[in-house]
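target_24.cif (mmCIF, C-alpha atoms)
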data_run
loop_
_atom_site.label_atom_id
_atom_site.label_comp_id
_atom_site.auth_asym_id
_atom_site.auth_seq_id
_atom_site.Cartn_x
_atom_site.Cartn_y
_atom_site.Cartn_z
CA MET P 1 0.00 0.00 0.00
CA THR P 2 1.20 3.49 -0.78
CA ALA P 3 1.01 6.42 1.59
CA ARG P 4 -0.55 9.66 0.44
CA ALA P 5 2.19 12.27 0.26
CA PRO P 6 0.93 15.81 0.92
CA ILE P 7 1.60 18.47 -1.68
CA ALA P 8 3.54 21.39 -0.25
CA PRO P 9 1.31 24.39 0.53
CA GLN P 10 3.57 26.68 -1.50
CA VAL P 11 3.12 24.48 -4.58
CA LEU P 12 -0.65 24.60 -4.14
CA ALA P 13 -0.39 28.38 -3.82
CA TYR P 14 1.45 28.57 -7.15
CA ALA P 15 -1.33 26.51 -8.74
CA ALA P 16 -3.98 28.81 -7.31
CA GLU P 17 -2.06 31.81 -8.65
CA LEU P 18 -2.10 30.36 -12.16
CA ARG P 19 -5.77 29.45 -11.97
CA GLY P 20 -6.62 33.02 -11.02
CA ALA P 21 -4.26 34.91 -13.32
CA LEU P 22 -3.52 32.84 -16.41
CA ILE P 23 -6.37 30.40 -17.03
CA PRO P 24 -8.97 33.09 -17.88
CA LEU P 25 -6.59 34.69 -20.35
CA VAL P 26 -5.54 31.48 -22.08
CA ASP P 27 -9.06 30.07 -22.25
CA THR P 28 -10.27 33.32 -23.82
CA PHE P 29 -7.50 33.33 -26.43
CA ARG P 30 -7.90 29.69 -27.42
CA GLN P 31 -11.56 30.33 -28.29
CA ARG P 32 -10.33 32.58 -31.10
CA GLN P 33 -8.18 29.86 -32.62
CA ALA P 34 -8.87 27.36 -35.37
CA ASP P 35 -7.70 23.74 -35.16
CA ASP P 36 -4.36 24.61 -36.77
CA GLY P 37 -3.70 27.30 -34.17
CA THR P 38 -4.35 30.28 -36.42
CA VAL P 39 -6.55 33.23 -35.48
CA ALA P 40 -8.85 34.36 -38.27
CA ASP P 41 -8.85 38.11 -38.88
CA PRO P 42 -6.74 38.85 -35.80
CA SER P 43 -7.47 42.13 -34.08
CA SER P 44 -5.36 44.41 -31.92
CA ALA P 45 -7.26 42.96 -28.94
CA ASP P 46 -6.01 39.47 -29.88
CA ARG P 47 -2.46 40.74 -30.03
CA ARG P 48 -2.73 42.52 -26.70
CA LEU P 49 -4.21 39.42 -25.07
CA LEU P 50 -1.39 37.21 -26.33
CA GLU P 51 1.20 39.78 -25.20
CA ARG P 52 -0.33 39.78 -21.74
CA ILE P 53 -0.27 35.97 -21.63
CA ARG P 54 3.38 36.06 -22.73
CA ASP P 55 4.27 38.51 -19.99
CA GLU P 56 2.39 36.62 -17.24
CA ALA P 57 3.83 33.24 -18.22
CA SER P 58 7.40 34.39 -18.77
CA ALA P 59 7.35 36.21 -15.41
CA PHE P 60 6.19 32.97 -13.75
CA HIS P 61 9.07 31.13 -15.42
CA ARG P 62 11.57 33.66 -14.13
CA ARG P 63 10.19 33.68 -10.61
CA HIS P 64 10.67 29.93 -10.52
CA GLY P 65 14.21 29.85 -11.84
CA ARG P 66 13.45 28.95 -15.46
CA PRO P 67 14.91 31.86 -17.46
CA GLU P 68 15.58 29.66 -20.50
CA GLN P 69 11.89 28.80 -20.77
CA ALA P 70 10.97 32.46 -20.35
CA GLU P 71 13.29 33.53 -23.17
CA ALA P 72 12.09 30.75 -25.47
CA LEU P 73 8.45 31.62 -24.84
CA ILE P 74 9.04 35.32 -25.52
CA ALA P 75 10.86 34.51 -28.77
CA ASP P 76 8.09 32.14 -29.91
CA VAL P 77 5.29 34.58 -29.13
CA ASP P 78 7.11 37.53 -30.69
CA GLY P 79 7.88 35.48 -33.78
CA TRP P 80 4.21 34.58 -34.16
CA LEU P 81 3.12 38.19 -33.67
CA ALA P 82 5.60 39.30 -36.32
CA ALA P 83 4.43 36.64 -38.78
CA GLY P 84 0.78 37.36 -38.04
CA LEU P 85 -1.61 35.44 -35.82
CA ASP P 86 -3.41 34.25 -38.95
CA THR P 87 -0.35 32.07 -39.70
CA PRO P 88 0.28 28.73 -37.97
CA PRO P 89 2.25 29.16 -34.73
CA HIS P 90 5.78 27.83 -34.31
CA PHE P 91 6.75 27.12 -30.69
CA GLY P 92 9.73 24.87 -31.36
CA ARG P 93 11.97 26.88 -29.04
CA SER P 94 9.64 26.34 -26.07
CA ARG P 95 9.28 22.67 -26.96
CA ASP P 96 13.02 22.09 -27.21
CA VAL P 97 14.12 24.00 -24.11
CA LEU P 98 11.67 22.18 -21.83
CA GLN P 99 13.32 19.60 -19.59
CA ALA P 100 11.68 16.82 -17.66
CA PRO P 101 11.31 17.77 -14.00
CA ALA P 102 13.09 15.77 -11.32
CA ASP P 103 10.94 13.58 -9.12
CA GLY P 104 9.28 15.83 -6.56
CA SER P 105 9.69 18.97 -8.70
CA THR P 106 7.15 21.00 -10.66
CA VAL P 107 6.90 21.75 -14.37
CA PHE P 108 5.11 24.61 -16.15
CA PHE P 109 4.61 24.78 -19.91
CA LEU P 110 2.61 27.03 -22.23
CA ALA P 111 2.28 26.77 -26.02
CA PRO P 112 -0.25 26.07 -28.77
CA LEU P 113 -0.49 22.28 -28.63
CA GLN P 114 -2.70 19.28 -29.27
CA SER P 115 -4.28 18.16 -25.99
CA THR P 116 -5.27 14.68 -27.14
CA ASN P 117 -8.71 13.44 -26.00
CA SER P 118 -9.58 16.69 -24.24
CA ALA P 119 -13.04 18.23 -24.51
CA PRO P 120 -13.83 19.62 -28.00
CA PRO P 121 -12.65 21.62 -29.76
CA VAL P 122 -9.31 19.83 -29.99
CA GLY P 123 -6.50 21.28 -32.07
CA LYS P 124 -3.23 23.17 -31.86
CA ARG P 125 -4.73 25.70 -29.45
CA LEU P 126 -2.96 27.65 -26.74
CA ASP P 127 -2.81 25.67 -23.51
CA PHE P 128 -0.74 25.36 -20.38
CA PHE P 129 -0.24 22.97 -17.51
CA PHE P 130 1.40 23.18 -14.11
CA ALA P 131 2.15 19.80 -12.57
CA LEU P 132 4.17 17.99 -9.93
CA ARG P 133 6.25 14.94 -10.79
CA LYS P 134 5.51 11.99 -8.51
CA GLU P 135 7.01 8.65 -9.47
CA PRO P 136 5.56 5.45 -7.95
CA ASP P 137 6.97 4.51 -4.57
CA ALA P 138 7.50 0.99 -5.89
CA LEU P 139 9.40 2.04 -9.02
CA PRO P 140 13.04 1.70 -7.83
CA GLU P 141 12.55 -1.91 -6.74
CA LEU P 142 10.34 -2.77 -9.72
CA ALA P 143 12.97 -1.43 -12.12
CA LEU P 144 15.40 -4.08 -10.90
CA SER P 145 13.12 -6.84 -12.18
CA TYR P 146 11.85 -4.89 -15.18
CA PRO P 147 14.65 -2.57 -16.29
CA HIS P 148 13.87 0.11 -18.84
CA PRO P 149 16.83 0.92 -21.10
CA LYS P 150 15.57 4.33 -22.22
CA ASN P 151 12.96 5.52 -19.76
CA ASN P 152 11.96 9.08 -20.62
CA CYS P 153 8.47 9.03 -19.07
CA GLN P 154 7.30 11.17 -16.16
CA SER P 155 4.34 10.49 -13.86
CA LEU P 156 2.67 13.78 -12.96
CA ILE P 157 -0.05 15.23 -10.76
CA LEU P 158 -1.87 17.96 -12.71
CA LEU P 159 -2.23 20.95 -10.37
CA ALA P 160 -3.56 23.59 -12.76
CA GLY P 161 -4.25 23.81 -16.46
CA SER P 162 -6.20 25.61 -19.14
CA ALA P 163 -9.19 24.02 -20.85
CA GLY P 164 -7.27 21.46 -22.92
CA PHE P 165 -5.89 19.85 -19.78
CA ALA P 166 -8.47 20.79 -17.14
CA GLN P 167 -11.42 19.52 -19.19
CA GLY P 168 -11.82 16.13 -20.81
CA ASN P 169 -9.69 13.03 -20.88
CA CYS P 170 -6.22 14.22 -21.95
CA ILE P 171 -3.62 12.59 -19.70
CA VAL P 172 -0.56 12.86 -21.97
CA PHE P 173 1.85 15.49 -23.21
CA PHE P 174 4.56 14.72 -25.76
CA PRO P 175 6.92 17.14 -27.55
CA GLU P 176 5.31 16.22 -30.87
CA ASN P 177 2.02 17.68 -29.56
CA VAL P 178 3.47 21.21 -29.71
CA ALA P 179 2.62 23.35 -32.74
CA ALA P 180 5.85 23.81 -34.70
CA HIS P 181 7.05 23.99 -38.29
CA ASP P 182 9.66 21.28 -37.76
CA LYS P 183 9.32 17.72 -36.48
CA ILE P 184 11.14 16.30 -33.49
CA THR P 185 13.95 13.82 -34.05
CA GLU P 186 13.88 12.38 -30.53
CA GLN P 187 11.49 12.36 -27.59
CA PRO P 188 13.33 13.71 -24.51
CA TYR P 189 10.22 13.67 -22.31
CA ALA P 190 6.78 12.07 -22.17
CA MET P 191 4.53 13.39 -19.42
CA PHE P 192 1.46 11.62 -18.04
CA PHE P 193 -1.11 13.22 -15.75
CA TYR P 194 -2.06 10.04 -13.97
CA ASN P 195 -4.07 11.72 -11.23
CA LYS P 196 -6.77 12.34 -13.86
CA PHE P 197 -7.10 8.64 -14.58
CA ARG P 198 -9.28 7.54 -11.67
CA ARG P 199 -12.31 9.64 -12.61
CA ILE P 200 -11.90 8.90 -16.31
CA HIS P 201 -11.76 5.16 -15.60
CA GLU P 202 -14.75 5.12 -13.27
CA THR P 203 -16.84 7.45 -15.43
CA TYR P 204 -16.38 5.71 -18.77
CA ALA P 205 -14.62 2.34 -18.63
CA LEU P 206 -16.57 0.77 -15.76
CA PRO P 207 -20.06 1.71 -17.04
CA GLY P 208 -19.01 0.67 -20.53
CA ALA P 209 -18.09 -2.77 -19.23
CA ALA P 210 -21.14 -3.04 -16.98
CA ALA P 211 -23.38 -2.63 -20.03
CA VAL P 212 -21.74 -5.66 -21.68
CA LEU P 213 -20.60 -8.06 -18.94
CA THR P 214 -22.47 -10.14 -16.40
CA ALA P 215 -22.24 -8.73 -12.90
CA ASP P 216 -20.35 -11.76 -11.61
CA SER P 217 -17.63 -11.43 -14.26
CA LEU P 218 -17.21 -7.64 -14.25
CA PRO P 219 -13.61 -6.77 -13.21
CA ARG P 220 -13.80 -4.76 -10.00
CA ALA P 221 -10.25 -4.52 -8.61
CA SER P 222 -9.66 -1.14 -10.29
CA SER P 223 -12.84 0.51 -8.97
CA ASP P 224 -13.32 2.53 -5.77
CA LEU P 225 -9.58 2.93 -5.26
CA ALA P 226 -8.10 5.59 -3.04
CA PRO P 227 -6.64 8.34 -5.29
CA GLU P 228 -3.04 7.59 -4.31
CA VAL P 229 -3.49 3.84 -4.91
CA CYS P 230 -5.04 4.41 -8.33
CA PHE P 231 -2.24 6.84 -9.22
CA GLU P 232 0.43 4.35 -8.16
CA ALA P 233 -1.15 1.44 -10.03
CA ARG P 234 -1.69 3.47 -13.21
CA ALA P 235 1.85 4.84 -13.11
CA ILE P 236 3.30 1.34 -12.74
CA TRP P 237 1.19 0.19 -15.69
CA GLY P 238 2.60 3.12 -17.67
CA TYR P 239 6.18 2.22 -16.76
CA LEU P 240 5.78 -1.47 -17.61
CA HIS P 241 3.92 -0.70 -20.84
CA ASP P 242 6.66 1.62 -22.03
CA SER P 243 9.48 -0.73 -21.02
CA MET P 244 7.90 -3.56 -23.03
CA HIS P 245 8.23 -1.46 -26.22
CA TYR P 246 12.01 -1.85 -26.01
CA GLN P 247 12.08 -5.65 -25.87
CA GLY P 248 12.03 -8.34 -28.53
CA LEU P 249 13.24 -8.68 -32.09
CA TRP P 250 11.86 -5.37 -33.38
CA PRO P 251 12.23 -2.88 -30.48
CA PHE P 252 10.33 0.36 -30.88
CA ASP P 253 13.30 2.72 -30.57
CA GLN P 254 15.13 0.99 -33.43
CA HIS P 255 12.06 0.77 -35.70
CA ILE P 256 10.09 3.92 -34.95
CA SER P 257 8.94 4.52 -38.52
CA LEU P 258 7.76 0.93 -38.90
CA LYS P 259 5.92 0.93 -35.57
CA MET P 260 4.05 4.09 -36.60
CA ASN P 261 2.31 2.10 -39.34
CA TRP P 262 -1.34 1.77 -38.32
CA PHE P 263 -1.50 -2.04 -38.48
CA VAL P 264 1.94 -2.65 -36.99
CA GLY P 265 1.35 -0.10 -34.25
CA LEU P 266 -2.01 -1.61 -33.34
CA LEU P 267 -0.43 -5.01 -32.73
CA GLU P 268 2.45 -3.37 -30.86
CA GLU P 269 0.15 -1.56 -28.44
CA ILE P 270 -1.86 -4.68 -27.66
CA LYS P 271 1.33 -6.70 -27.29
CA VAL P 272 2.93 -4.41 -24.72
CA ASP P 273 -0.28 -4.15 -22.70
CA ALA P 274 -0.67 -7.92 -22.88
CA LYS P 275 2.90 -8.38 -21.64
CA THR P 276 2.21 -5.92 -18.83
CA ALA P 277 -0.89 -7.85 -17.75
CA LEU P 278 1.02 -11.13 -17.91
CA ALA P 279 3.86 -9.69 -15.82
CA CYS P 280 1.25 -8.75 -13.23
CA ALA P 281 -0.31 -12.22 -13.37
CA ASP P 282 3.07 -13.92 -12.98
CA GLY P 283 3.71 -12.22 -9.64
CA GLY P 284 6.10 -9.70 -8.13
CA VAL P 285 4.38 -6.57 -9.45
CA PRO P 286 2.62 -4.25 -6.97
CA PHE P 287 -1.10 -3.62 -7.54
CA ALA P 288 -1.14 -6.47 -10.03
CA GLN P 289 -4.86 -7.22 -10.14
CA GLN P 290 -5.73 -3.55 -10.31
CA GLN P 291 -3.53 -3.18 -13.36
CA ILE P 292 -4.94 -6.26 -15.09
CA ASP P 293 -8.45 -4.93 -14.63
CA MET P 294 -7.46 -1.44 -15.76
CA ILE P 295 -5.93 -2.81 -18.94
CA LEU P 296 -8.93 -4.97 -19.85
CA LEU P 297 -11.52 -2.32 -19.00
CA GLU P 298 -9.77 0.61 -20.66
CA ARG P 299 -8.62 -1.19 -23.78
CA ILE P 300 -11.81 -3.12 -24.50
CA PHE P 301 -14.63 -1.10 -22.99
CA ARG P 302 -13.54 2.57 -23.05
CA TYR P 303 -11.37 3.14 -26.10
CA PRO P 304 -13.88 1.77 -28.69
CA GLN P 305 -16.47 4.36 -27.59
CA ALA P 306 -14.58 7.25 -29.20
CA ASP P 307 -16.58 9.27 -31.73
CA ASP P 308 -13.97 8.54 -34.38
CA ALA P 309 -13.59 4.89 -33.36
CA THR P 310 -13.24 3.50 -36.87
CA ARG P 311 -10.34 5.86 -37.51
CA ASN P 312 -8.97 5.92 -33.98
CA PHE P 313 -5.88 3.85 -33.29
CA ASP P 314 -6.64 3.10 -29.63
CA SER P 315 -10.24 2.20 -30.44
CA GLY P 316 -8.99 -0.31 -32.98
CA THR P 317 -6.83 -2.02 -30.38
CA GLY P 318 -9.83 -2.49 -28.10
CA VAL P 319 -12.15 -3.81 -30.80
CA PHE P 320 -9.47 -6.24 -32.01
CA LEU P 321 -8.75 -7.44 -28.48
CA TYR P 322 -12.47 -7.97 -27.82
CA SER P 323 -12.74 -10.28 -30.81
CA TRP P 324 -9.48 -12.03 -29.91
CA LEU P 325 -10.88 -12.87 -26.47
CA ARG P 326 -14.12 -14.02 -28.09
CA GLU P 327 -12.17 -16.35 -30.38
CA TYR P 328 -10.28 -17.88 -27.45
CA GLY P 329 -13.33 -18.42 -25.26
CA ALA P 330 -12.61 -15.71 -22.71
CA LEU P 331 -15.77 -13.75 -23.58
CA THR P 332 -18.77 -16.03 -23.97
CA GLY P 333 -22.48 -15.56 -24.56
CA SER P 334 -24.58 -13.78 -27.14
CA PRO P 335 -25.10 -10.00 -27.13
CA ALA P 336 -28.27 -10.40 -29.21
CA GLU P 337 -31.40 -8.78 -27.71
CA GLY P 338 -29.45 -7.20 -24.89
CA GLY P 339 -27.73 -10.37 -23.71
CA LEU P 340 -24.70 -10.01 -21.46
CA LEU P 341 -21.31 -11.66 -21.96
CA HIS P 342 -19.29 -13.54 -19.37
CA LEU P 343 -15.60 -12.70 -18.96
CA ASP P 344 -13.37 -15.53 -17.76
CA GLN P 345 -10.21 -13.78 -16.60
CA ASP P 346 -8.08 -16.93 -16.51
CA LYS P 347 -8.98 -17.61 -20.14
CA ALA P 348 -8.38 -13.94 -20.93
CA LEU P 349 -4.84 -14.18 -19.61
CA ALA P 350 -4.31 -17.39 -21.60
CA ALA P 351 -5.58 -15.57 -24.70
CA LEU P 352 -3.16 -12.71 -24.04
CA ARG P 353 -0.29 -15.21 -23.83
CA GLU P 354 -1.34 -16.65 -27.17
CA PHE P 355 -1.55 -13.16 -28.65
CA VAL P 356 1.98 -12.31 -27.52
CA ALA P 357 3.23 -15.64 -28.89
CA THR P 358 1.43 -15.01 -32.20
CA VAL P 359 2.96 -11.56 -32.65
CA GLU P 360 6.41 -12.78 -31.67
CA ARG P 361 6.15 -15.62 -34.21
CA LEU P 362 5.19 -13.00 -36.81
CA GLU P 363 8.20 -10.89 -35.83
CA ALA P 364 10.53 -13.89 -36.13
CA ALA P 365 9.15 -14.83 -39.54
CA VAL P 366 9.50 -11.45 -41.30
CA ALA P 367 12.77 -10.10 -42.65
CA THR P 368 11.92 -6.61 -43.93
CA ASP P 369 9.73 -3.69 -42.96
CA ASP P 370 7.47 -4.41 -45.92
CA ASP P 371 7.11 -8.03 -44.84
CA TYR P 372 6.21 -6.89 -41.31
CA ARG P 373 3.61 -4.41 -42.55
CA ALA P 374 1.98 -6.97 -44.81
CA ALA P 375 1.88 -9.67 -42.13
CA ALA P 376 0.53 -7.20 -39.54
CA LYS P 377 -2.24 -6.09 -41.87
CA ASP P 378 -3.24 -9.70 -42.54
CA LEU P 379 -3.43 -10.44 -38.81
CA VAL P 380 -5.37 -7.28 -37.98
CA ARG P 381 -7.86 -7.87 -40.76
CA ARG P 382 -8.82 -11.20 -39.14
CA HIS P 383 -10.82 -9.19 -36.62
CA LEU P 384 -11.06 -5.67 -38.05
CA PRO P 385 -12.63 -5.88 -41.52
CA ALA P 386 -11.99 -3.06 -43.97
CA GLY P 387 -14.35 -0.11 -43.63
CA GLU P 388 -15.68 2.57 -45.90
CA ALA P 389 -13.48 5.23 -47.49
CA LYS P 390 -11.31 7.09 -44.95
CA GLN P 391 -12.20 4.53 -42.24
CA ARG P 392 -9.60 2.08 -40.97
CA TYR P 393 -12.13 -0.66 -40.24
CA ARG P 394 -15.81 -1.27 -39.50
CA PHE P 395 -17.57 -2.79 -36.52
CA THR P 396 -18.99 -6.25 -37.07
CA GLU P 397 -22.43 -6.96 -35.68
CA ASP P 398 -20.90 -8.83 -32.75
CA GLN P 399 -18.44 -5.99 -32.00
CA ARG P 400 -21.20 -3.39 -31.85
CA VAL P 401 -22.02 -4.57 -28.33
CA LEU P 402 -19.02 -2.45 -27.24
CA LEU P 403 -21.04 0.65 -28.13
CA ARG P 404 -23.98 -0.28 -25.94
CA ALA P 405 -23.29 2.39 -23.30
CA LYS P 406 -22.05 5.05 -25.71
CA GLY P 407 -25.30 7.01 -26.03
CA GLY P 408 -25.62 7.53 -22.30
CA LEU P 409 -21.95 8.32 -21.79
CA ASP P 410 -21.95 10.81 -24.66
CA ARG P 411 -24.62 12.82 -22.84
CA LEU P 412 -22.37 13.32 -19.81
CA PRO P 413 -20.64 16.71 -19.55
CA PRO P 414 -16.85 16.62 -19.98
CA LEU P 415 -14.95 15.89 -16.80
CA THR P 416 -13.43 18.98 -15.24
CA PHE P 417 -10.21 18.91 -13.23
CA ALA P 418 -10.13 22.43 -11.84
CA GLU P 419 -8.30 21.50 -8.66
CA ALA P 420 -5.51 19.06 -7.90
CA GLU P 421 -6.96 15.60 -7.30
CA TRP P 422 -4.56 13.64 -5.18
#
Represent the supplied structure as structure tokens.
Amino acid sequence: MTARAPIAPQVLAYAAELRGALIPLVDTFRQRQADDGTVADPSSADRRLLERIRDEASAFHRRHGRPEQAEALIADVDGWLAAGLDTPPHFGRSRDVLQAPADGSTVFFLAPLQSTNSAPPVGKRLDFFFALRKEPDALPELALSYPHPKNNCQSLILLAGSAGFAQGNCIVFFPENVAAHDKITEQPYAMFFYNKFRRIHETYALPGAAAVLTADSLPRASSDLAPEVCFEARAIWGYLHDSMHYQGLWPFDQHISLKMNWFVGLLEEIKVDAKTALACADGGVPFAQQQIDMILLERIFRYPQADDATRNFDSGTGVFLYSWLREYGALTGSPAEGGLLHLDQDKALAALREFVATVERLEAAVATDDDYRAAAKDLVRRHLPAGEAKQRYRFTEDQRVLLRAKGGLDRLPPLTFAEAEW
């Protein structure tokens, strides 16, 4: 069990300062932006608002000993003002000068960026977050058994943020999310706001599963968790998931372009989550059952409910995994006429072992990137049939049971994280 560590009062005061001073300004400005970050017909009021945001944010950087971030932000804003706010923003300087915070330290970042899965509208709009890094208490010991050769991930507690982070389901920030004219060549940080996960999981994943599964087979270990326990379990899942990407015959860091292929990447994501669940099942991992349940519930019962599910990468992983478990007898019953399915978790774990073995046999059999892509597409198409134009796949009649709760969940207002939840 983990102990809840209090957040220093001074840190909470900084968060309150940002909520009062900066959030209203940023949220007003981002309403003027299009999805690509541009401002149509920018006025002098738009310019003055952005200048004020620049001054407030850069002063905060300086007060907290981050002059490099202040200078980069000023240069990026001034460059955008000079080019015209009706041109796409370029905040590469701010992106590149940002450094991952040390464990126990805070991080503040402001730029036009894509806050993935936040409340609409989502695009390269101005946003900021202020967060505290808090790595799992169990991580040092766990890393001995499950070493990560290139760990660049940070577990964070979101303390304050503008609409893209304070509303909706965005729990990630990567450098490639930042609006910029150039692309990154490496990923020096990957930040995860895991304190948001508990409410997201209980609001969407659990009801989504309850609409499909019999009450006696519904996974429950990940529900009603204390905030600090949920944070710890989710952060460990994140660490194990990421470490699994660097194992095997085709490690992610050596084959990034290949693994970005939609079909290859879909199998990769399921594989690393499956290996995480199996590591938990095999013993020696803290909060093991909580993580197994989180993985099954999120992957299968939350991700497929996205509005763009037939184009969405994560949704595809969940729909595929659902049908894989059906094929291997882990999900039984008929969904016809509102029927519920029974989940056998032992058979689900056996099916995950077979999935990992299947993908690893595929990886051993292919010799080139083209071979891998072709084999991955063949395997994915076993359970995700081709869809209409511009769609990656279509739901089969059996798979549509995963959408049973969608109508009710879509009517819920976006989750709001106005205060630190920890």
Legend entry - Result set of the PyMOL selection byres ((chain P and resi 122-132) around 6) on the coordinates above, as a PyMOL selection string: chain P and resi 30+35-37+105-114+120-121+133+156-162+179
Legend entry - Residue among P:Leu402, P:Leu225, P:Ala274, P:Val26 lying closest to Ala205 of chain P, counting all atoms listed in the file: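 Closest to Ala205 of chain P, using all atoms listed in the file: P:Leu402.
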Inset, instruction - Please evaluate the PyMOL selection byres ((chain P and resi 200) around 10) against the structure above and give the resulting residues as a list of chain:residue names. - result: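 Applying the expression gives P:Gly168, P:Asn169, P:Cys170, P:Ile171, P:Asn195, P:Lys196, P:Phe197, P:Arg198, P:Arg199, P:His201, P:Glu202, P:Thr203, P:Tyr204, P:Ala205, P:Leu206, P:Glu298, P:Arg302, P:Pro414, P:Leu415.
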Inset, instruction - May I have the residues within 10 Å of Pro149 of chain P as a PyMOL selection string, using only C-alpha atoms and disregarding those fewer than 5 positions away in the same chain? - result: chain P and resi 243+246-247
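Atom CA of Ala119 of chain P is found 29.4 Å from atom CA of Asp398 of chain P.
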Inset, instruction - Identify, on the basis of all atoms listed in the file, every residue whose closest approach to Thr185 of chain P does not exceed 12 Å; exclude the query and any residue fewer than 2 positions from it along the same chain; express the result as a ChimeraX atom specification. - result: /P:96,175-176,182-183,187-188,253,256-257
Inset, instruction - Could you give me, as a ChimeraX atom specification, the residues within 9 Å of Leu321 of chain P, counting only C-alpha atoms and dropping anything in the same chain fewer than 2 positions from it? - result: /P:270,296,299-300,316-319,323-326,352,383
Inset, instruction - Could you tell me which of P:Ala13, P:Ala215, P:Val178, P:Cys230 comes closest to Tyr194 of chain P if we count all atoms listed in the file? - result: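 Among P:Ala13, P:Ala215, P:Val178, P:Cys230, it is P:Cys230 that comes nearest to Tyr194 of chain P.
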From the block I gave, I'd like segment 107-118 of chain P written with N, CA and C atoms, as an mmCIF file, in the first residue's frame.
data_model
loop_
_atom_site.group_PDB
_atom_site.id
_atom_site.type_symbol
_atom_site.label_atom_id
_atom_site.label_comp_id
_atom_site.auth_asym_id
_atom_site.auth_seq_id
_atom_site.Cartn_x
_atom_site.Cartn_y
_atom_site.Cartn_z
ATOM 1 N N VAL P 107 6.643 21.380 -12.988
ATOM 2 C CA VAL P 107 6.899 21.746 -14.373
ATOM 3 C C VAL P 107 5.750 22.629 -14.838
ATOM 4 N N PHE P 108 6.100 23.682 -15.588
ATOM 5 C CA PHE P 108 5.112 24.605 -16.150
ATOM 6 C C PHE P 108 5.425 24.771 -17.625
ATOM 7 N N PHE P 109 4.387 24.667 -18.466
ATOM 8 C CA PHE P 109 4.605 24.778 -19.910
ATOM 9 C C PHE P 109 3.397 25.442 -20.540
ATOM 10 N N LEU P 110 3.663 26.341 -21.490
ATOM 11 C CA LEU P 110 2.609 27.033 -22.231
ATOM 12 C C LEU P 110 2.998 27.098 -23.695
ATOM 13 N N ALA P 111 2.063 26.711 -24.575
ATOM 14 C CA ALA P 111 2.279 26.768 -26.021
ATOM 15 C C ALA P 111 0.981 26.370 -26.713
ATOM 16 N N PRO P 112 0.824 26.693 -27.992
ATOM 17 C CA PRO P 112 -0.246 26.066 -28.765
ATOM 18 C C PRO P 112 0.114 24.591 -28.955
ATOM 19 N N LEU P 113 -0.798 23.702 -28.583
ATOM 20 C CA LEU P 113 -0.487 22.280 -28.632
ATOM 21 C C LEU P 113 -1.764 21.458 -28.740
ATOM 22 N N GLN P 114 -1.593 20.228 -29.132
ATOM 23 C CA GLN P 114 -2.702 19.283 -29.271
ATOM 24 C C GLN P 114 -2.884 18.559 -27.945
ATOM 25 N N SER P 115 -3.979 18.848 -27.249
ATOM 26 C CA SER P 115 -4.280 18.161 -25.991
ATOM 27 C C SER P 115 -5.195 16.982 -26.317
ATOM 28 N N THR P 116 -4.577 15.854 -26.624
ATOM 29 C CA THR P 116 -5.271 14.679 -27.141
ATOM 30 C C THR P 116 -6.361 14.208 -26.187
ATOM 31 N N ASN P 117 -7.549 13.968 -26.730
ATOM 32 C CA ASN P 117 -8.710 13.443 -25.999
ATOM 33 C C ASN P 117 -9.305 14.431 -25.006
ATOM 34 N N SER P 118 -8.935 15.707 -25.102
ATOM 35 C CA SER P 118 -9.579 16.690 -24.237
ATOM 36 C C SER P 118 -10.959 17.023 -24.795
#
